[in-house]
Every structure is written in C-alpha cells, then in structure tokens.
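One structure is given below, encoded as structure tokens.
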Amino acid sequence: MEKIAVSDLNTTILPSTAIGDNCSISSFTELENTIIMNDVRIGAGSCISNSISEAINSIGPHLVVEVGKDLKIEMKGILHSADELGTVIGDSNIIGASVLVKAGKMIAVNCSVNSGVRIVADIPRDAKVL
C-alpha cells in the first residue's frame, strides 16, 4: 500500500473525503467531501470541497474552490445537475499559487494555470491559462 504524506500543521480532512495513493497534502489545507486520486500534490493553505481531482496533479498553495448549489454542468454534450459542486480537475494539470475556481467550473486534462488566476469558465484540454 502506498503512503499519503499529510503535513501535521493544521491540515484538516473532513468527512466524505477520499485520498488516493502517493499524495502529498501540505499544511493549513482543508479538504471536505472531495475525492483526490493518486499522485496529487496539494500546496499549503488550500481549501477544496465538493470536488474531484483526478491523478497526477500539482496544485500550488492557496487554491480556493467555491461551492455552488443546484448547478447545471455540461459534460461530453450531456447536461447534468449537481446539488452541490466545487470543481472537477482532470489528469496531469499544473495549477499555480493563489488560484480561485468559481463553483462548477472544470479544468480538463494536461492544463497549466498560472498563479493568481481566477477561473470563471471551463478550461479545455491542453490549455495554458495566463
């Protein structure tokens, strides 16, 4: 079984959270009702709830994910409804420091998001957000 490295400085993992193998969660981070797949690094001071992070993501410090209620989300041309949702982050993304993700916005696969960005729309595959 792989190890999960969780810093012991005020890291909070609340109910309904699942964390995959070989993950690292830094100090002062809060996770709630979230699925974190394998090989994900989450920087210090992040606040993630009602979200999914696929595998092999590097998330910088101070990522904040807003949570919305009764959202409509389009995935692969099909409209879905979500009672409560933060974000869905696909595989192999690099997200810089101090990024804010608005409720219900998704980051596809193999994206690079610069520090200080406010994500207000879905980010398509292979995008570089400056």
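We name chains A, B, ... following the order of the structure tokens; residues begin at 1 in each chain, and ligands are numbered from 1 as shown.
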
>> Just want the 7 Å neighbourhood of A:Gly104, counted on only C-alpha atoms, with same-chain residues fewer than 5 positions away dropped. Output as an NGL selection string.
In response: :A and (68 or 71 or 73 or 85-87)

>> Residues near A:Val129, anyone? I mean within 7 Å using only C-alpha atoms, not counting same-chain ones fewer than 3 positions away, as a PyMOL selection string.
In response: chain A and resi 112-114

>> Measuring between only C-alpha atoms, which one of A:Val40, A:Ser115, A:Asp70, A:Gly77 shows the shortest distance to A:Ser92?
In response: A:Val40

> stretch 51-66 of chain A: which residues within 6 Å, counting only C-alpha atoms, same-chain residues fewer than 3 positions away excluded, as an NGL selection string?
Replying inline: :A and (34-48 or 86-103)

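What separates atom CA of A:Leu14 from atom CA of A:Leu31 is a distance of 6.0 Å.
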
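Of note, atom CA of A:Ser24 and atom CA of A:Asn10 are spaced 14.3 Å apart.
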
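By only C-alpha atoms, and with residues fewer than 4 positions from A:Cys111 along its chain excluded, the set lying at most 6 Å from it is Asn93, Asp126, Ala127 and Lys128 of chain A.
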
Same residues, N, CA and C atoms, output as a short mmCIF file (atom, residue, chain, number, x, y, z; two decimals), in the first residue's frame:
data_model
loop_
_atom_site.label_atom_id
_atom_site.label_comp_id
_atom_site.auth_asym_id
_atom_site.auth_seq_id
_atom_site.Cartn_x
_atom_site.Cartn_y
_atom_site.Cartn_z
N ASN A 93 -2.49 18.05 -14.53
CA ASN A 93 -2.55 19.50 -14.57
C ASN A 93 -1.52 20.10 -13.61
N ASP A 126 -5.45 20.69 -22.63
CA ASP A 126 -4.16 21.21 -23.09
C ASP A 126 -4.05 22.74 -23.06
N ALA A 127 -4.90 23.41 -22.30
CA ALA A 127 -4.90 24.87 -22.27
C ALA A 127 -3.80 25.40 -21.35
N LYS A 128 -3.31 26.58 -21.70
CA LYS A 128 -2.40 27.33 -20.83
C LYS A 128 -3.11 28.60 -20.45
#

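Considering only C-alpha atoms, the residue among A:Val67, A:Ile13, A:Leu79, A:Leu130 positioned nearest to A:Thr29 is A:Ile13.
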
>> According to DSSP computed on the backbone, where in stretch 21-73 of chain A is there strand (DSSP E)? Give the residues as a PyMOL selection string.
In response: chain A and resi 24-25+30-32+35-36+41-42+47-49+52-53+58-59+64-65+68-73
